[in-house]
Amino acid sequence: MTVKEIQDEILRLKQENDICILAHSYQAQEILEVADYTGDSYALSKMAAQAANHTMLMCGVRFMAETVKILSPEKKVLLSNTIAACPMAEQFDKELVLRFKEQNPSYTVVAYINTTADLKTVCDVCVTSSSAVKIVRSLDAQDILFIPDCNLGAYVAKQVPNKNIRLWHGGCPVHAAVKVSEAQQAKASHPDALLLVHPECVPGVAELADYIGSTSGIMDYAVRSDRKEFIIGTENSIAEHLQYLCPDKRFYLLSKSLLCENMKATTLVDVLNCCQGVGGEEIVLDSETLAQSRRCIDTMISLGG
């Protein structure tokens, strides 16, 4: 089958089987083209909660599918590829957080949305990369443990210096691998381009950026900007997608190492198999995990996240 034939069959089957396809922005272009909704992890979860379909198919990684299930427990949620995980989401477990909270009762635990459902059950509030500064600034607590991404946490701490923010050594291994020298070289090679980076990059890279923001923020900035050249400092698929959206602009890769193997695990055929009922994995969370993990998400929503 050709790519077009597979896409046409997916479009037919998802309508026939009442399936809503959610595709994270880091997915391949051919997958985005058959999706009902595209965006970052939390945006997709909100879209899924509003969709009328009974079955949600997540083209992304496991914690994203779990978040969809937390916000839509009555729906069937499928992860398109069973091995698609997020190393950052699994760096810490809830026993470690519980011990910290027992020893440091004054601390509020702020969890990046890129965490497992199990870890969310013992955290106080979730944040996204776009809402982290706003949420942390609005908290009554002075002492904050920010997990798991220490680079995003360092960015938040710089923006909210009046808070006592403690960080653990965790984060996205893909974004964190970008070197300052690579950012310097990219800027030298493309002097007319703006450098747009994700806050999961190390502080030294972020300091060289013209804009720091979430994946969606980076894309919106590039689309809306009057400038014509950009260096994209997040997963390399975003530069490709922006080329489709803005063919009159130029997009350069910050680093060839900005490739997420877990995001790339999902293929168009995986999506087809799920629509045929012969692939993927259904996400099942017990009622206690659903209830307890939702508390920190609801707190985020109440604080304007």
# chains A, B, ... in the order shown; residues from 1 in each chain; ligands from 1
$ residues_around --residues "A:Cys123" --least-positions-apart "2" --cutoff "10 Å" --atoms "only C-alpha atoms" --output "VMD selection string"
chain A and resid 94 97 to 98 101 108 to 112 118 to 121 125 to 126 145 to 147 292 to 293 295 to 297
$ residues_around --residues "A:Ala157" --least-positions-apart "5" --cutoff "10 Å" --atoms "only C-alpha atoms" --output "list in words"
Val133, Val136, Arg137, Ile144, Phe146, Cys150, Asn151, Leu152, Asn162, Lys163, Asn164, Ile165, Arg166 and Leu167 of chain A
$ residues_around --residues "A:Asp270" --least-positions-apart "5" --cutoff "7 Å" --atoms "only C-alpha atoms" --output "MDAnalysis selection string"
chainID A and resid 80:81 279
$ closest_residue --among "A:Gln29, A:Gln185, A:Ser237, A:Gln243" --to "A:Val223" --atoms "only C-alpha atoms"
A:Gln243
$ closest_residue --among "A:Met88, A:Leu285, A:Leu13, A:Ile212" --to "A:Gly170" --atoms "only C-alpha atoms"
A:Met88
$ closest_residue --among "A:Gly171, A:Asn17, A:Ile283, A:Leu22" --to "A:Cys86" --atoms "only C-alpha atoms"
A:Gly171
$ residues_around --residues "A:Thr215" --least-positions-apart "3" --cutoff "12 Å" --atoms "only C-alpha atoms" --output "ChimeraX atom specification"
/A:24-26,38-43,128-130,175,196-200,211-212,218-222,232-239,241-242
$ write_last_selection --atoms "C-alpha atoms" --output "CSV table (one decimal), in the first residue's frame"
chain,number,residue,atom,x,y,z
A,24,HIS,CA,1.5,14.9,19.3
A,25,SER,CA,3.4,17.6,17.3
A,26,TYR,CA,6.5,15.4,17.3
A,38,THR,CA,-2.6,17.8,16.9
A,39,GLY,CA,-0.7,19.7,19.6
A,40,ASP,CA,1.2,19.2,22.8
A,41,SER,CA,0.3,16.6,25.4
A,42,TYR,CA,-2.0,18.6,27.7
A,43,ALA,CA,-3.8,20.3,24.8
A,128,THR,CA,3.0,22.4,31.4
A,129,SER,CA,6.0,24.1,29.9
A,130,SER,CA,3.8,27.0,28.9
A,175,HIS,CA,16.7,18.4,24.8
A,196,LEU,CA,13.7,29.5,19.3
A,197,VAL,CA,14.3,26.9,22.1
A,198,HIS,CA,12.4,24.7,24.5
A,199,PRO,CA,13.0,25.3,28.2
A,200,GLU,CA,14.0,21.7,28.6
A,211,TYR,CA,12.5,33.0,22.3
A,212,ILE,CA,12.0,30.3,24.9
A,218,ILE,CA,7.7,27.9,19.3
A,219,MET,CA,5.4,27.0,16.4
A,220,ASP,CA,3.0,29.9,17.0
A,221,TYR,CA,6.0,32.3,17.3
A,222,ALA,CA,7.5,31.2,14.0
A,232,ILE,CA,14.4,25.5,15.9
A,233,GLY,CA,15.6,24.3,19.3
A,234,THR,CA,13.2,21.4,19.9
A,235,GLU,CA,12.5,18.0,18.4
A,236,ASN,CA,13.6,18.2,14.7
A,237,SER,CA,10.1,17.2,13.4
A,238,ILE,CA,8.9,20.7,14.3
A,239,ALA,CA,11.2,22.3,11.7
A,241,HIS,CA,6.2,20.8,10.1
A,242,LEU,CA,6.9,24.5,10.1
$ select_by_dssp --residues "stretch 98-195 of chain A" --states "strand (DSSP E or B)" --output "list of chain:residue names"
A:Thr108, A:Val109, A:Val110, A:Ala111, A:Tyr112, A:Val125, A:Cys126, A:Val127, A:Asp143, A:Ile144, A:Leu145, A:Phe146, A:Ile147, A:Asn164, A:Ile165, A:Arg166, A:Leu167, A:Leu194, A:Leu195
$ write_last_selection --atoms "N, CA and C atoms" --output "CSV table (one decimal), in the first residue's frame"
chain,number,residue,atom,x,y,z
A,108,THR,N,5.8,22.2,48.6
A,108,THR,CA,4.7,21.9,47.6
A,108,THR,C,5.4,21.2,46.4
A,109,VAL,N,4.9,20.1,46.0
A,109,VAL,CA,5.5,19.3,44.9
A,109,VAL,C,4.8,19.7,43.6
A,110,VAL,N,5.6,20.3,42.7
A,110,VAL,CA,5.1,20.7,41.4
A,110,VAL,C,5.6,19.7,40.4
A,111,ALA,N,4.7,19.0,39.7
A,111,ALA,CA,5.1,18.0,38.7
A,111,ALA,C,4.8,18.5,37.3
A,112,TYR,N,5.8,18.4,36.5
A,112,TYR,CA,5.7,18.6,35.0
A,112,TYR,C,4.6,17.6,34.5
A,125,VAL,N,0.5,19.7,42.4
A,125,VAL,CA,0.0,20.4,41.2
A,125,VAL,C,0.8,20.1,40.0
A,126,CYS,N,0.2,20.0,38.8
A,126,CYS,CA,0.8,19.8,37.6
A,126,CYS,C,1.1,21.1,36.9
A,127,VAL,N,2.0,21.1,36.0
A,127,VAL,CA,2.3,22.3,35.1
A,127,VAL,C,2.6,21.8,33.7
A,143,ASP,N,8.2,27.3,49.5
A,143,ASP,CA,9.2,26.2,49.3
A,143,ASP,C,8.5,25.2,48.2
A,144,ILE,N,9.3,25.0,47.2
A,144,ILE,CA,8.7,24.2,46.0
A,144,ILE,C,9.8,23.2,45.6
A,145,LEU,N,9.3,21.9,45.4
A,145,LEU,CA,10.1,20.9,44.7
A,145,LEU,C,9.5,20.8,43.3
A,146,PHE,N,10.4,21.1,42.3
A,146,PHE,CA,9.9,21.0,40.9
A,146,PHE,C,10.5,19.7,40.3
A,147,ILE,N,9.7,18.9,39.8
A,147,ILE,CA,10.1,17.6,39.2
A,147,ILE,C,9.4,17.4,37.8
A,164,ASN,N,11.6,29.6,46.8
A,164,ASN,CA,12.7,28.7,47.1
A,164,ASN,C,12.4,27.4,46.3
A,165,ILE,N,13.0,27.3,45.1
A,165,ILE,CA,12.7,26.2,44.2
A,165,ILE,C,13.8,25.2,44.3
A,166,ARG,N,13.5,24.0,44.7
A,166,ARG,CA,14.5,22.9,44.8
A,166,ARG,C,14.3,22.0,43.5
A,167,LEU,N,15.4,21.6,43.0
A,167,LEU,CA,15.4,20.8,41.7
A,167,LEU,C,16.1,19.4,42.0
A,194,LEU,N,16.4,33.8,14.0
A,194,LEU,CA,16.1,33.8,15.4
A,194,LEU,C,16.2,32.4,16.0
A,195,LEU,N,16.8,32.3,17.2
A,195,LEU,CA,16.9,31.0,17.8
A,195,LEU,C,15.7,30.8,18.8
$ atom_distance --atom1 "atom CA of A:Leu258" --atom2 "atom CA of A:Ala177"
7.9 Å
$ closest_residue --among "A:Ala52, A:Leu208, A:Ile31, A:Leu71" --to "A:Asp298" --atoms "only C-alpha atoms"
A:Leu71
$ select_by_dssp --residues "stretch 105-161 of chain A" --states "alpha helix (DSSP H)" --output "ChimeraX atom specification"
/A:117-120,132-138,150-159
$ atom_distance --atom1 "atom CA of A:Ile6" --atom2 "atom CA of A:Arg62"
24.0 Å
$ atom_distance --atom1 "atom CA of A:Phe63" --atom2 "atom CA of A:Leu78"
11.8 Å
$ closest_residue --among "A:Val122, A:Ala206, A:Ala183, A:Ile70" --to "A:Leu254" --atoms "only C-alpha atoms"
A:Ala183
$ closest_residue --among "A:Ser255, A:Ser181, A:Ser72, A:Ser138" --to "A:Thr299" --atoms "only C-alpha atoms"
A:Ser138
